[in-house]
Every structure is written in structure tokens, then in C-alpha cells.
Amino acid sequence: MTIREILLKKIANREIVAGVIGLGYVGLPLAVEVAKAGFRTIGFDIKKEKVDSVNQGLSYIGDVAGSDLRMLVEKGMLAATTDFSEIGKVDFVVICTPTPLDAHRQPDISYVESAVKSIAEQLHEGMMVSLESTTYPGTTEELVKPILESSGLKCGEDFYLGFSPERVDPGNAVYNTKNIPKVVGGLGTDACELISAMYEAVLENKVFRASSPAVAEMSKILENSYRNVNIGLINEFAIFCNKIGIDIWEVIEAAKTKPFGFAPFYPGPGVGGHCIPVDPCYLNYKASTYDFRFLTIEASMEVNDRMPEYCVKRIGDMLNRRFRKSLNGSKILILGVAYKQDIDDCRESPAIHIIDALRAEGADTKFFDPNISRFLHHGKVYESEKELTAGLIQSVDAVVITTPTHSDVDYEFVRRHAKALFDTRNATKELADKSNIELL
Ligand code: SAJ
């Protein structure tokens with residue numbers, strides 16, 4: 001039997017030992033699904049607190065049920081460790097480490113490199129390696145492959161390497177790790193077949209087999225650049241519609257009646273998170289090495305980056321027009337600091353940029369977010385107000401809805417007690433009396 005046949009048999013018999021490097025919002029749900037599918041799974045992370053939490057069956061990821069985790073740990077199907085030498089026990093390893101930006105908004109793939117170097121030290125014949133971290137096209141072949149081959153083993157013969165974009169959407173009640181369709185691009189047909197077979201043994205859908213890792217890498221970047229550009233477009237429409245007195249939110253509802261050729265996007269205070277504002281920077285990095293520029297993406301990022309300051313101008317205009325007050329010395333309550341609705345993540349959150357800009361204008365800001373009790377920003381801890389009371393709302397000159405949290409906030413209650421309300425998300429669309437509300 002060839003290595004390929006042996007591995008396919010081991011996959012079918014659930015004899016493969018799996019490993020997941022990076023136990024965050026991508027890696028932990030994946031490790032749980034792989035273990036649930038019957039593969040003994042080892043989770044690897046540099047953070048001991050995450051490893052300890054997993055081994056105690058305590059989930060720290062909203063999409064992972066503690067009961068599932070506990071059951072898998074107790075059955076010995078899932079364990080976590082900070083000891084990366086244990087990668088040697090693994091036949092199929094998935095890299096789910098972060099790919100953030102550095103201080104110059106350039107790709108920082110040091111976390112990926114570190115994980116790959118750990119694998120290279122333990123690489124053995126027949127090992128399958130799948131990179132899931134979002135990165136610029138070419139990473140798998142140009143960066144990962146040489147590091148792994150420094151072990152002396154040959155890619156495509158001794159071990160199998162591919163790229164499979166992560167598509168996790170934290171908090172999505174419909175789409176999850178198990179049912180989101182997967183794309184795999186392998187270095188060689190055997191790699192694509194074997195890595196796809198592993199994912200298909202775990203996930204619900206048939207894998208889309210791309211002809212190369214670069215196609216798979218680029219497909220992910222396209223998915224998120226598409227969102228960035230469309231968000232930039234609708235933000236620009238929102239600014240112009242406000243100028244000419246047209247309700248952009250109604251315009252979108254009208255356009256949505258077209259059953260084809262139009263996907264709705266909504267204006268907002270800016271683009272947060274660790275995907276949409278970040279992934280296009282990875283593309284721009286690669287493009288720059290070919291002296292190529294994505295003008296559409298540059299333009300949309302420019303529009304999106306300016307939305308916080310646009311919102312601050314709109315808040316200042318509202319205070320001036322309604323109360324002859326300037327931002328300087330005014331009191332503002334920010335509702336929602338998460339980067340999007342109903343989650344507890346405030347990375348790159350536009351609400352925080354708005355708070356910075358308001359304070360720079362001399363305003364006094366407070367925030368309330370039922371999902372985020374505090375956040376650290378530029379070395380300062382910001383605490384959420386404990387409760388959204390009538391007294392708190394009445395004590396400020398304006399309330400700003402930056403992130404809707406429909407499950408926890410009664411916007412009629414807020415409207416009733418607010419002097420003025422600037423709604424950047426149309427969270428108040430159902431309210432009858434909008435006399436003290438202004439929309440983005
Ligand atoms: N945003 C808008 N208007 C929109 C959509 C989003 O202003 O119409 C803002 C959000 O408020 C947020 C930012 O853009 O600040 C990003 O929002 P997002 O909905 O794209 O959410 P993310 O960042 O969690 O993106 C993830 C991505 N998933 C992965 O990369 C695996 C993305 O591909 C998903 O399409 C997206 O979730 C999703 O659909 O929820």
C-alpha cells in the first residue's frame with residue numbers, strides 16, 4: 001500500500017491523530033468538531049490559561065458548548081498542551097494562529113511562522129499540514145513549504161501541505177464550523193485529496209478542491225475584500241444621501257426588493273474586527289511586490305477609516321443645531337463598543353475610534369455595552385456603565401448608538417429619556433417617535 005492509501009484507510013478508520021495549533025475562535029471549534037468525528041485530537045496553544053481551560057472542560061469561546069468540551073476531554077478524545085514537541089504524535093495538523101497587522105499596518109505572520117517551525121521540528125513521514133490562517137496569496141508555497149522542507153522531508157512525497165481558509169463567523173447562529181463549506185488547495189493532488197478527505201470526515205459538506213493553495217488563499221481574501229469594498233460603497237452613499245436629505249436606510253430597503261444582482265450592505269460608524277479591515281491589507285502587501293494597486297480597496301478603506309470622524313462631526317452638528325452646544329464640554333453616552341452586533345469582541349471597533357475623537361474634542365464620554373464590561377485601550381481601562389438607567393440617559397447631552405444590542409437594550413426606553421440620539425445603525429427603525437433621533 002502507498003502512503004496515500006495507508007492514510008486514506010487511517011482516515012476512514014479514525015486512526016489519524018489530529019492536532020490544532022491556535023485555540024481561538026477558529027481553532028477551538030475546529031478541534032471540538034475533529035474530536036467529535038472520532039479523531040483523537042491535541043490542541044496546542046502558547047497561552048497556558050487556554051490550555052488549562054480546555055483540559056478542565058471549560059469553554060471560553062461562545063460557539064463551543066462547555067458540555068461538548070467536557071465530554072470530549074473526559075473521553076480522552078481532546079486534550080490541550082503548551083508542549084509543541086507533542087506535534088510529533090500528530091498525523092494531521094491544522095494551523096489556526098492569528099494573522100494581525102503590525103504597527104505599520106503590514107502583515108504580521110510571525111505567529112504562523114512560529115507554528116510552522118514547531119511543526120518542522122516534529123515533521124514525520126505521512127504528516128498532513130493544513131494552514132487556515134488568513135494570509136496573502138503565496139504564503140503556503142513560498143513561506144510554509146520551505147520551512148517544512150528544512151526538515152529534510154520532501155513536500156508532496158514525505159508530507160502533504162495545503163491551505164484551507166477559515167470561514168468562522170463568531171456568534172452566527174446558522175453557520176458554524178461544521179456546516180460552513182470548506183475550500184482546500186493542496187501542493188499536489190495527493191495533498192489536496194488527503195487534506196480534503198480529513199475535512200470531509202469531520203465536516204458536513206463536500207470540500208471544494210482548488211487547484212493550488214494560492215487559489216484557496218486568494219478566494220478568502222476576495223471574500224473579505226468584497227465586503228470591505230461594499231461597506232465602503234454604502235458608507236459613501238450614506239454620506240451623500242445625508243447631504244441631499246434622502247434616507248439611505250429606506251434606499252437600501254428599496255434596492256433590496258431586487259431579487260438578483262444586489263446584496264445589501266449597511267452604513268455604519270466604520271469597519272471593525274480582525275477580518276474585514278485587515279485581510280485587504282494582506283492583499284495590498286502582495287500586490288505591492290508586483291507594483292500593483294487595488295484602487296477600489298484603497299478607496300473603500302479610506303472611506304471606512306473616515307467614518308468615525310464623520311460620525312463625530314454629525315454628533316457635533318446635532319448638538320449645535322438642537323442645543324447650541326459644542327462638543328467641547330458636552331456629555332456623550334456611547335451604546336455598544338463591540339465591533340458588530342451582539343458579540344463581545346471590540347478589536348478595531350469603530351466605537352472606540354469615536355470615543356477617542358469625541359474626547360479629543362473635549363467631550364466627556366461614557367459607554368454601556370451589555371456584552372463588554374471593560375476594555376483596555378492605549379494603556380487605559382474603560383469601564384462600561386453598570387446599568388442603562390433613565391438617570392444615566394438623562395444625564396448626557398446625546399446618546400450615540402454605535403453597536404446595536406437588540407437582545408439587551410430597549411431603544412424606546414433610551415429614546416424616551418434621551419435629549420438627543422444619534423443612531424449609526426438604524427437600531428431605532430421600529431420606533432414611532434423619532435423627533436429626537438438622527439440617523440447616519
Ligand atoms: N459592517 C458594516 N456594514 C455591513 C457589514 C458589516 O458596517 O453591511 C461592519 C461591521 O459592523 C463590522 C465590520 O464591518 O464592524 C465587519 O463586519 P462583518 O459582518 O464582516 O463581520 P466580521 O468581521 O466578523 O467578518 C466575518 C468574516 N468571516 C471570516 O472572515 C471567516 C466574513 O467573511 C463574514 O462574511 C462575516 O463575518 C459575516 O458575514 O458575518
# chains A, B, ... in the order shown; residues from 1 in each chain; ligands from 1
call {"tool": "residues_around", "arguments": {"residues": "Arg70 of chain A", "least_positions_apart": "6", "cutoff": "10 Å", "atoms": "only C-alpha atoms", "output": "VMD selection string"}}
result
chain A and resid 54 to 59 76 78
call {"tool": "write_last_selection", "arguments": {"atoms": "N, CA and C atoms", "output": "CSV table (one decimal), in the first residue's frame"}}
result
chain,number,residue,atom,x,y,z
A,54,VAL,N,-9.2,24.4,28.5
A,54,VAL,CA,-9.7,23.2,27.7
A,54,VAL,C,-9.6,21.9,28.5
A,55,ASN,N,-8.5,21.7,29.1
A,55,ASN,CA,-8.3,20.4,29.9
A,55,ASN,C,-9.3,20.3,31.1
A,56,GLN,N,-9.8,21.5,31.5
A,56,GLN,CA,-10.8,21.4,32.6
A,56,GLN,C,-12.2,21.3,32.0
A,57,GLY,N,-12.3,21.3,30.6
A,57,GLY,CA,-13.6,21.2,30.0
A,57,GLY,C,-14.4,22.5,30.1
A,58,LEU,N,-13.6,23.7,30.3
A,58,LEU,CA,-14.3,25.0,30.4
A,58,LEU,C,-14.1,25.8,29.1
A,59,SER,N,-15.2,26.0,28.4
A,59,SER,CA,-15.1,26.7,27.1
A,59,SER,C,-15.1,28.2,27.3
A,76,GLY,N,-11.2,11.4,26.7
A,76,GLY,CA,-9.8,11.3,26.2
A,76,GLY,C,-9.7,11.6,24.7
A,78,LEU,N,-10.0,14.7,23.4
A,78,LEU,CA,-9.4,16.0,23.2
A,78,LEU,C,-8.6,16.4,24.4
call {"tool": "residues_near_ligand", "arguments": {"ligand": "ligand 1", "cutoff": "7 Å", "atoms": "only C-alpha atoms and all ligand atoms", "output": "PyMOL selection string"}}
result
chain A and resi 166-170+223-224+227+231+264-276+339-341+349-350
call {"tool": "residues_around", "arguments": {"residues": "Ser151 of chain A", "least_positions_apart": "3", "cutoff": "10 Å", "atoms": "only C-alpha atoms", "output": "list of chain:residue names"}}
result
A:Lys117, A:Ile119, A:Ala120, A:Glu121, A:Gln122, A:Leu123, A:His124, A:Pro146, A:Ile147, A:Leu148, A:Lys154
call {"tool": "select_by_dssp", "arguments": {"residues": "segment 126-160 of chain A", "states": "helix (DSSP H, G or I)", "output": "PyMOL selection string"}}
result
chain A and resi 139-149
call {"tool": "closest_residue", "arguments": {"among": "A:Val207, A:Ala191, A:Val312, A:Val112", "to": "Ala360 of chain A", "atoms": "only C-alpha atoms"}}
result
A:Val312
call {"tool": "residues_around", "arguments": {"residues": "Val399 of chain A", "least_positions_apart": "4", "cutoff": "7 Å", "atoms": "only C-alpha atoms", "output": "ChimeraX atom specification"}}
result
/A:332-334,418,420-422
call {"tool": "write_last_selection", "arguments": {"atoms": "all heavy atoms", "output": "PDB file, in the first residue's frame"}}
result
ATOM      1  N   ILE A 332     -21.468  62.650  26.422  1.00  0.00           N
ATOM      2  CA  ILE A 332     -21.964  61.723  25.389  1.00  0.00           C
ATOM      3  C   ILE A 332     -21.973  60.299  25.953  1.00  0.00           C
ATOM      4  O   ILE A 332     -20.988  59.871  26.594  1.00  0.00           O
ATOM      5  CB  ILE A 332     -21.048  61.733  24.134  1.00  0.00           C
ATOM      6  CG1 ILE A 332     -20.758  63.164  23.671  1.00  0.00           C
ATOM      7  CG2 ILE A 332     -21.653  60.875  23.024  1.00  0.00           C
ATOM      8  CD1 ILE A 332     -21.834  63.834  22.903  1.00  0.00           C
ATOM      9  N   LEU A 333     -23.052  59.572  25.708  1.00  0.00           N
ATOM     10  CA  LEU A 333     -23.128  58.153  26.107  1.00  0.00           C
ATOM     11  C   LEU A 333     -23.078  57.290  24.843  1.00  0.00           C
ATOM     12  O   LEU A 333     -23.920  57.447  23.958  1.00  0.00           O
ATOM     13  CB  LEU A 333     -24.428  57.887  26.881  1.00  0.00           C
ATOM     14  CG  LEU A 333     -24.711  56.422  27.230  1.00  0.00           C
ATOM     15  CD1 LEU A 333     -23.644  55.856  28.172  1.00  0.00           C
ATOM     16  CD2 LEU A 333     -26.108  56.269  27.854  1.00  0.00           C
ATOM     17  N   ILE A 334     -22.102  56.410  24.796  1.00  0.00           N
ATOM     18  CA  ILE A 334     -21.921  55.521  23.637  1.00  0.00           C
ATOM     19  C   ILE A 334     -22.588  54.186  23.959  1.00  0.00           C
ATOM     20  O   ILE A 334     -22.259  53.558  24.992  1.00  0.00           O
ATOM     21  CB  ILE A 334     -20.408  55.296  23.366  1.00  0.00           C
ATOM     22  CG1 ILE A 334     -19.717  56.626  23.053  1.00  0.00           C
ATOM     23  CG2 ILE A 334     -20.192  54.270  22.256  1.00  0.00           C
ATOM     24  CD1 ILE A 334     -20.070  57.245  21.738  1.00  0.00           C
ATOM     25  N   ALA A 418     -33.719  60.249  26.313  1.00  0.00           N
ATOM     26  CA  ALA A 418     -32.549  60.931  25.735  1.00  0.00           C
ATOM     27  C   ALA A 418     -32.909  62.345  25.299  1.00  0.00           C
ATOM     28  O   ALA A 418     -34.021  62.571  24.779  1.00  0.00           O
ATOM     29  CB  ALA A 418     -32.033  60.152  24.535  1.00  0.00           C
ATOM     30  N   ALA A 420     -31.040  63.814  22.961  1.00  0.00           N
ATOM     31  CA  ALA A 420     -30.854  63.621  21.511  1.00  0.00           C
ATOM     32  C   ALA A 420     -30.149  62.289  21.313  1.00  0.00           C
ATOM     33  O   ALA A 420     -29.393  61.844  22.183  1.00  0.00           O
ATOM     34  CB  ALA A 420     -30.010  64.758  20.933  1.00  0.00           C
ATOM     35  N   LEU A 421     -30.411  61.666  20.175  1.00  0.00           N
ATOM     36  CA  LEU A 421     -29.896  60.316  19.929  1.00  0.00           C
ATOM     37  C   LEU A 421     -29.377  60.231  18.496  1.00  0.00           C
ATOM     38  O   LEU A 421     -30.121  60.553  17.555  1.00  0.00           O
ATOM     39  CB  LEU A 421     -31.026  59.298  20.160  1.00  0.00           C
ATOM     40  CG  LEU A 421     -30.640  57.846  20.404  1.00  0.00           C
ATOM     41  CD1 LEU A 421     -31.783  57.087  21.074  1.00  0.00           C
ATOM     42  CD2 LEU A 421     -30.245  57.158  19.128  1.00  0.00           C
ATOM     43  N   PHE A 422     -28.092  59.901  18.348  1.00  0.00           N
ATOM     44  CA  PHE A 422     -27.523  59.704  17.005  1.00  0.00           C
ATOM     45  C   PHE A 422     -27.369  58.205  16.788  1.00  0.00           C
ATOM     46  O   PHE A 422     -26.622  57.542  17.490  1.00  0.00           O
ATOM     47  CB  PHE A 422     -26.171  60.431  16.883  1.00  0.00           C
ATOM     48  CG  PHE A 422     -25.559  60.327  15.506  1.00  0.00           C
ATOM     49  CD1 PHE A 422     -26.230  60.820  14.391  1.00  0.00           C
ATOM     50  CD2 PHE A 422     -24.327  59.734  15.309  1.00  0.00           C
ATOM     51  CE1 PHE A 422     -25.689  60.730  13.116  1.00  0.00           C
ATOM     52  CE2 PHE A 422     -23.766  59.643  14.045  1.00  0.00           C
ATOM     53  CZ  PHE A 422     -24.453  60.128  12.946  1.00  0.00           C
TER      54      PHE A 422
END
call {"tool": "atom_distance", "arguments": {"atom1": "atom CA of Phe84 of chain A", "atom2": "atom CA of Lys10 of chain A"}}
result
23.2 Å
call {"tool": "closest_residue", "arguments": {"among": "A:Leu69, A:Val64, A:Ala197, A:Leu440", "to": "Phe237 of chain A", "atoms": "only C-alpha atoms"}}
result
A:Leu440
call {"tool": "residues_around", "arguments": {"residues": "segment 392-395 of chain A", "least_positions_apart": "4", "cutoff": "9 Å", "atoms": "only C-alpha atoms", "output": "number ranges by chain"}}
result
A: 331, 333, 385, 387-388, 399, 414-415, 417-419
call {"tool": "select_by_dssp", "arguments": {"residues": "segment 124-226 of chain A", "states": "strand (DSSP E)", "output": "PyMOL selection string"}}
result
chain A and resi 128-131+160-163+183-186+208-210
call {"tool": "write_last_selection", "arguments": {"atoms": "N, CA, C and O atoms", "output": "mmCIF file, in the first residue's frame"}}
result
data_model
loop_
_atom_site.group_PDB
_atom_site.id
_atom_site.type_symbol
_atom_site.label_atom_id
_atom_site.label_comp_id
_atom_site.auth_asym_id
_atom_site.auth_seq_id
_atom_site.Cartn_x
_atom_site.Cartn_y
_atom_site.Cartn_z
ATOM 1 N N MET A 128 0.123 15.341 7.443
ATOM 2 C CA MET A 128 -0.684 16.280 6.637
ATOM 3 C C MET A 128 -0.754 17.600 7.370
ATOM 4 O O MET A 128 -1.052 17.634 8.574
ATOM 5 N N VAL A 129 -0.474 18.708 6.663
ATOM 6 C CA VAL A 129 -0.446 20.040 7.279
ATOM 7 C C VAL A 129 -1.394 20.958 6.517
ATOM 8 O O VAL A 129 -1.300 21.098 5.295
ATOM 9 N N SER A 130 -2.332 21.567 7.264
ATOM 10 C CA SER A 130 -3.288 22.495 6.641
ATOM 11 C C SER A 130 -3.169 23.852 7.318
ATOM 12 O O SER A 130 -3.362 23.963 8.540
ATOM 13 N N LEU A 131 -2.872 24.891 6.535
ATOM 14 C CA LEU A 131 -2.834 26.261 7.069
ATOM 15 C C LEU A 131 -4.209 26.901 6.865
ATOM 16 O O LEU A 131 -4.734 26.909 5.745
ATOM 17 N N TYR A 160 2.357 16.192 3.368
ATOM 18 C CA TYR A 160 1.351 16.809 2.483
ATOM 19 C C TYR A 160 0.948 18.166 3.044
ATOM 20 O O TYR A 160 0.655 18.285 4.238
ATOM 21 N N LEU A 161 0.950 19.178 2.185
ATOM 22 C CA LEU A 161 0.724 20.559 2.652
ATOM 23 C C LEU A 161 -0.372 21.222 1.815
ATOM 24 O O LEU A 161 -0.421 21.054 0.590
ATOM 25 N N GLY A 162 -1.254 21.944 2.522
ATOM 26 C CA GLY A 162 -2.307 22.680 1.800
ATOM 27 C C GLY A 162 -2.790 23.877 2.581
ATOM 28 O O GLY A 162 -2.349 24.112 3.720
ATOM 29 N N PHE A 163 -3.698 24.635 1.957
ATOM 30 C CA PHE A 163 -4.310 25.804 2.594
ATOM 31 C C PHE A 163 -5.821 25.637 2.546
ATOM 32 O O PHE A 163 -6.382 25.237 1.517
ATOM 33 N N VAL A 183 -12.997 25.102 1.507
ATOM 34 C CA VAL A 183 -12.163 25.091 0.300
ATOM 35 C C VAL A 183 -10.792 24.554 0.699
ATOM 36 O O VAL A 183 -10.279 24.913 1.762
ATOM 37 N N VAL A 184 -10.211 23.695 -0.127
ATOM 38 C CA VAL A 184 -8.848 23.202 0.137
ATOM 39 C C VAL A 184 -8.024 23.322 -1.134
ATOM 40 O O VAL A 184 -8.471 22.932 -2.218
ATOM 41 N N GLY A 185 -6.813 23.880 -0.986
ATOM 42 C CA GLY A 185 -5.874 23.897 -2.104
ATOM 43 C C GLY A 185 -4.604 23.200 -1.628
ATOM 44 O O GLY A 185 -3.998 23.658 -0.642
ATOM 45 N N GLY A 186 -4.231 22.103 -2.298
ATOM 46 C CA GLY A 186 -3.064 21.335 -1.845
ATOM 47 C C GLY A 186 -1.880 21.517 -2.782
ATOM 48 O O GLY A 186 -2.057 21.860 -3.956
ATOM 49 N N PHE A 208 -14.592 21.950 -1.547
ATOM 50 C CA PHE A 208 -14.267 22.479 -2.887
ATOM 51 C C PHE A 208 -12.757 22.317 -3.054
ATOM 52 O O PHE A 208 -11.974 22.927 -2.332
ATOM 53 N N ARG A 209 -12.358 21.500 -4.017
ATOM 54 C CA ARG A 209 -10.935 21.227 -4.199
ATOM 55 C C ARG A 209 -10.332 22.236 -5.188
ATOM 56 O O ARG A 209 -10.620 22.166 -6.386
ATOM 57 N N ALA A 210 -9.547 23.171 -4.679
ATOM 58 C CA ALA A 210 -8.901 24.178 -5.550
ATOM 59 C C ALA A 210 -7.622 23.555 -6.114
ATOM 60 O O ALA A 210 -7.058 22.636 -5.547
#
call {"tool": "atom_distance", "arguments": {"atom1": "atom CA of Leu7 of chain A", "atom2": "atom CA of Ser164 of chain A"}}
result
19.0 Å
call {"tool": "residues_around", "arguments": {"residues": "Asn205 of chain A", "least_positions_apart": "2", "cutoff": "10 Å", "atoms": "only C-alpha atoms", "output": "list in words"}}
result
Lys178, Asn179, Ile180, Pro181, Lys182, Tyr199, Glu200, Ala201, Val202, Leu203, Val207 and Phe208 of chain A
call {"tool": "closest_atom_pairs", "arguments": {"of": "segment 402-437 of chain A", "to": "segment 362-368 of chain A", "cutoff": "12 Å", "atoms": "only C-alpha atoms", "output": "CSV"}}
result
residue,atom,partner,partner_atom,distance
A:Thr402,CA,A:Phe367,CA,10.1
A:Thr403,CA,A:Phe368,CA,10.2
A:Pro404,CA,A:Phe368,CA,11.1
A:Thr405,CA,A:Phe368,CA,10.4
A:Asp408,CA,A:Phe368,CA,10.8
A:Val409,CA,A:Phe368,CA,9.8
A:Val414,CA,A:Phe368,CA,11.8
call {"tool": "decode", "arguments": {"residues": "segment 257-285 of chain A", "atoms": "N, CA, C and O atoms", "output": "PDB file, in the first residue's frame"}}
result
ATOM      1  N   THR A 257     -35.405  45.040  -2.857  1.00  0.00           N
ATOM      2  CA  THR A 257     -36.529  44.333  -3.497  1.00  0.00           C
ATOM      3  C   THR A 257     -36.076  43.680  -4.804  1.00  0.00           C
ATOM      4  O   THR A 257     -36.786  42.855  -5.367  1.00  0.00           O
ATOM      5  N   LYS A 258     -34.886  44.072  -5.269  1.00  0.00           N
ATOM      6  CA  LYS A 258     -34.384  43.441  -6.499  1.00  0.00           C
ATOM      7  C   LYS A 258     -33.896  42.044  -6.139  1.00  0.00           C
ATOM      8  O   LYS A 258     -32.975  41.895  -5.342  1.00  0.00           O
ATOM      9  N   PRO A 259     -34.484  40.986  -6.651  1.00  0.00           N
ATOM     10  CA  PRO A 259     -34.173  39.625  -6.205  1.00  0.00           C
ATOM     11  C   PRO A 259     -32.867  39.073  -6.765  1.00  0.00           C
ATOM     12  O   PRO A 259     -32.469  37.964  -6.425  1.00  0.00           O
ATOM     13  N   PHE A 260     -32.201  39.837  -7.593  1.00  0.00           N
ATOM     14  CA  PHE A 260     -30.913  39.338  -8.140  1.00  0.00           C
ATOM     15  C   PHE A 260     -29.985  40.532  -8.344  1.00  0.00           C
ATOM     16  O   PHE A 260     -30.425  41.671  -8.440  1.00  0.00           O
ATOM     17  N   GLY A 261     -28.696  40.246  -8.336  1.00  0.00           N
ATOM     18  CA  GLY A 261     -27.732  41.279  -8.713  1.00  0.00           C
ATOM     19  C   GLY A 261     -27.547  42.374  -7.701  1.00  0.00           C
ATOM     20  O   GLY A 261     -26.955  43.417  -8.001  1.00  0.00           O
ATOM     21  N   PHE A 262     -28.080  42.181  -6.479  1.00  0.00           N
ATOM     22  CA  PHE A 262     -27.839  43.199  -5.451  1.00  0.00           C
ATOM     23  C   PHE A 262     -27.772  42.498  -4.099  1.00  0.00           C
ATOM     24  O   PHE A 262     -28.668  41.726  -3.757  1.00  0.00           O
ATOM     25  N   ALA A 263     -26.697  42.762  -3.360  1.00  0.00           N
ATOM     26  CA  ALA A 263     -26.580  42.212  -1.994  1.00  0.00           C
ATOM     27  C   ALA A 263     -26.544  43.406  -1.044  1.00  0.00           C
ATOM     28  O   ALA A 263     -25.734  44.325  -1.232  1.00  0.00           O
ATOM     29  N   PRO A 264     -27.446  43.460  -0.051  1.00  0.00           N
ATOM     30  CA  PRO A 264     -27.481  44.640   0.817  1.00  0.00           C
ATOM     31  C   PRO A 264     -26.298  44.712   1.778  1.00  0.00           C
ATOM     32  O   PRO A 264     -25.913  43.716   2.376  1.00  0.00           O
ATOM     33  N   PHE A 265     -25.731  45.887   1.877  1.00  0.00           N
ATOM     34  CA  PHE A 265     -24.774  46.208   2.924  1.00  0.00           C
ATOM     35  C   PHE A 265     -25.313  47.452   3.602  1.00  0.00           C
ATOM     36  O   PHE A 265     -26.122  48.180   3.036  1.00  0.00           O
ATOM     37  N   TYR A 266     -24.887  47.718   4.815  1.00  0.00           N
ATOM     38  CA  TYR A 266     -25.471  48.802   5.599  1.00  0.00           C
ATOM     39  C   TYR A 266     -24.395  49.770   6.094  1.00  0.00           C
ATOM     40  O   TYR A 266     -23.311  49.326   6.501  1.00  0.00           O
ATOM     41  N   PRO A 267     -24.723  51.056   6.093  1.00  0.00           N
ATOM     42  CA  PRO A 267     -23.731  52.023   6.597  1.00  0.00           C
ATOM     43  C   PRO A 267     -23.502  51.819   8.097  1.00  0.00           C
ATOM     44  O   PRO A 267     -24.307  51.196   8.784  1.00  0.00           O
ATOM     45  N   GLY A 268     -22.379  52.293   8.546  1.00  0.00           N
ATOM     46  CA  GLY A 268     -22.069  52.166   9.977  1.00  0.00           C
ATOM     47  C   GLY A 268     -20.996  53.156  10.366  1.00  0.00           C
ATOM     48  O   GLY A 268     -20.517  53.935   9.535  1.00  0.00           O
ATOM     49  N   PRO A 269     -20.574  53.111  11.606  1.00  0.00           N
ATOM     50  CA  PRO A 269     -19.577  54.068  12.117  1.00  0.00           C
ATOM     51  C   PRO A 269     -18.153  53.731  11.709  1.00  0.00           C
ATOM     52  O   PRO A 269     -17.206  54.400  12.123  1.00  0.00           O
ATOM     53  N   GLY A 270     -17.998  52.677  10.891  1.00  0.00           N
ATOM     54  CA  GLY A 270     -16.664  52.250  10.470  1.00  0.00           C
ATOM     55  C   GLY A 270     -16.616  50.741  10.443  1.00  0.00           C
ATOM     56  O   GLY A 270     -17.595  50.067  10.721  1.00  0.00           O
ATOM     57  N   VAL A 271     -15.462  50.181  10.121  1.00  0.00           N
ATOM     58  CA  VAL A 271     -15.334  48.729   9.943  1.00  0.00           C
ATOM     59  C   VAL A 271     -14.373  48.182  10.991  1.00  0.00           C
ATOM     60  O   VAL A 271     -13.186  48.525  11.008  1.00  0.00           O
ATOM     61  N   GLY A 272     -14.906  47.336  11.870  1.00  0.00           N
ATOM     62  CA  GLY A 272     -14.064  46.770  12.927  1.00  0.00           C
ATOM     63  C   GLY A 272     -13.817  45.295  12.699  1.00  0.00           C
ATOM     64  O   GLY A 272     -14.131  44.748  11.637  1.00  0.00           O
ATOM     65  N   GLY A 273     -13.261  44.659  13.728  1.00  0.00           N
ATOM     66  CA  GLY A 273     -12.997  43.223  13.659  1.00  0.00           C
ATOM     67  C   GLY A 273     -11.585  42.942  13.188  1.00  0.00           C
ATOM     68  O   GLY A 273     -10.808  43.846  12.900  1.00  0.00           O
ATOM     69  N   HIS A 274     -11.301  41.633  13.091  1.00  0.00           N
ATOM     70  CA  HIS A 274      -9.931  41.248  12.739  1.00  0.00           C
ATOM     71  C   HIS A 274      -9.903  40.622  11.352  1.00  0.00           C
ATOM     72  O   HIS A 274      -8.958  39.930  10.996  1.00  0.00           O
ATOM     73  N   CYS A 275     -10.994  40.820  10.585  1.00  0.00           N
ATOM     74  CA  CYS A 275     -11.014  40.243   9.229  1.00  0.00           C
ATOM     75  C   CYS A 275     -11.124  41.346   8.184  1.00  0.00           C
ATOM     76  O   CYS A 275     -10.204  41.586   7.422  1.00  0.00           O
ATOM     77  N   ILE A 276     -12.280  42.026   8.201  1.00  0.00           N
ATOM     78  CA  ILE A 276     -12.596  42.918   7.094  1.00  0.00           C
ATOM     79  C   ILE A 276     -11.639  44.094   6.959  1.00  0.00           C
ATOM     80  O   ILE A 276     -11.222  44.431   5.852  1.00  0.00           O
ATOM     81  N   PRO A 277     -11.252  44.729   8.077  1.00  0.00           N
ATOM     82  CA  PRO A 277     -10.275  45.823   7.898  1.00  0.00           C
ATOM     83  C   PRO A 277      -8.853  45.320   7.694  1.00  0.00           C
ATOM     84  O   PRO A 277      -7.979  46.054   7.262  1.00  0.00           O
ATOM     85  N   VAL A 278      -8.619  44.039   7.979  1.00  0.00           N
ATOM     86  CA  VAL A 278      -7.245  43.508   7.992  1.00  0.00           C
ATOM     87  C   VAL A 278      -6.890  42.759   6.703  1.00  0.00           C
ATOM     88  O   VAL A 278      -5.855  42.992   6.096  1.00  0.00           O
ATOM     89  N   ASP A 279      -7.809  41.879   6.285  1.00  0.00           N
ATOM     90  CA  ASP A 279      -7.483  40.993   5.155  1.00  0.00           C
ATOM     91  C   ASP A 279      -7.075  41.739   3.878  1.00  0.00           C
ATOM     92  O   ASP A 279      -6.100  41.351   3.216  1.00  0.00           O
ATOM     93  N   PRO A 280      -7.757  42.831   3.524  1.00  0.00           N
ATOM     94  CA  PRO A 280      -7.320  43.549   2.312  1.00  0.00           C
ATOM     95  C   PRO A 280      -5.885  44.095   2.415  1.00  0.00           C
ATOM     96  O   PRO A 280      -5.205  44.264   1.393  1.00  0.00           O
ATOM     97  N   CYS A 281      -5.418  44.290   3.646  1.00  0.00           N
ATOM     98  CA  CYS A 281      -4.024  44.765   3.800  1.00  0.00           C
ATOM     99  C   CYS A 281      -3.046  43.669   3.381  1.00  0.00           C
ATOM    100  O   CYS A 281      -1.942  43.944   2.898  1.00  0.00           O
ATOM    101  N   TYR A 282      -3.464  42.403   3.589  1.00  0.00           N
ATOM    102  CA  TYR A 282      -2.600  41.280   3.169  1.00  0.00           C
ATOM    103  C   TYR A 282      -2.520  41.246   1.646  1.00  0.00           C
ATOM    104  O   TYR A 282      -1.474  40.981   1.059  1.00  0.00           O
ATOM    105  N   LEU A 283      -3.652  41.551   1.012  1.00  0.00           N
ATOM    106  CA  LEU A 283      -3.673  41.557  -0.449  1.00  0.00           C
ATOM    107  C   LEU A 283      -2.807  42.713  -0.966  1.00  0.00           C
ATOM    108  O   LEU A 283      -1.982  42.538  -1.867  1.00  0.00           O
ATOM    109  N   ASN A 284      -2.979  43.875  -0.350  1.00  0.00           N
ATOM    110  CA  ASN A 284      -2.215  45.052  -0.790  1.00  0.00           C
ATOM    111  C   ASN A 284      -0.714  44.815  -0.623  1.00  0.00           C
ATOM    112  O   ASN A 284       0.088  45.245  -1.450  1.00  0.00           O
ATOM    113  N   TYR A 285      -0.351  44.078   0.414  1.00  0.00           N
ATOM    114  CA  TYR A 285       1.068  43.751   0.641  1.00  0.00           C
ATOM    115  C   TYR A 285       1.591  42.941  -0.541  1.00  0.00           C
ATOM    116  O   TYR A 285       2.624  43.258  -1.138  1.00  0.00           O
TER     117      TYR A 285
END
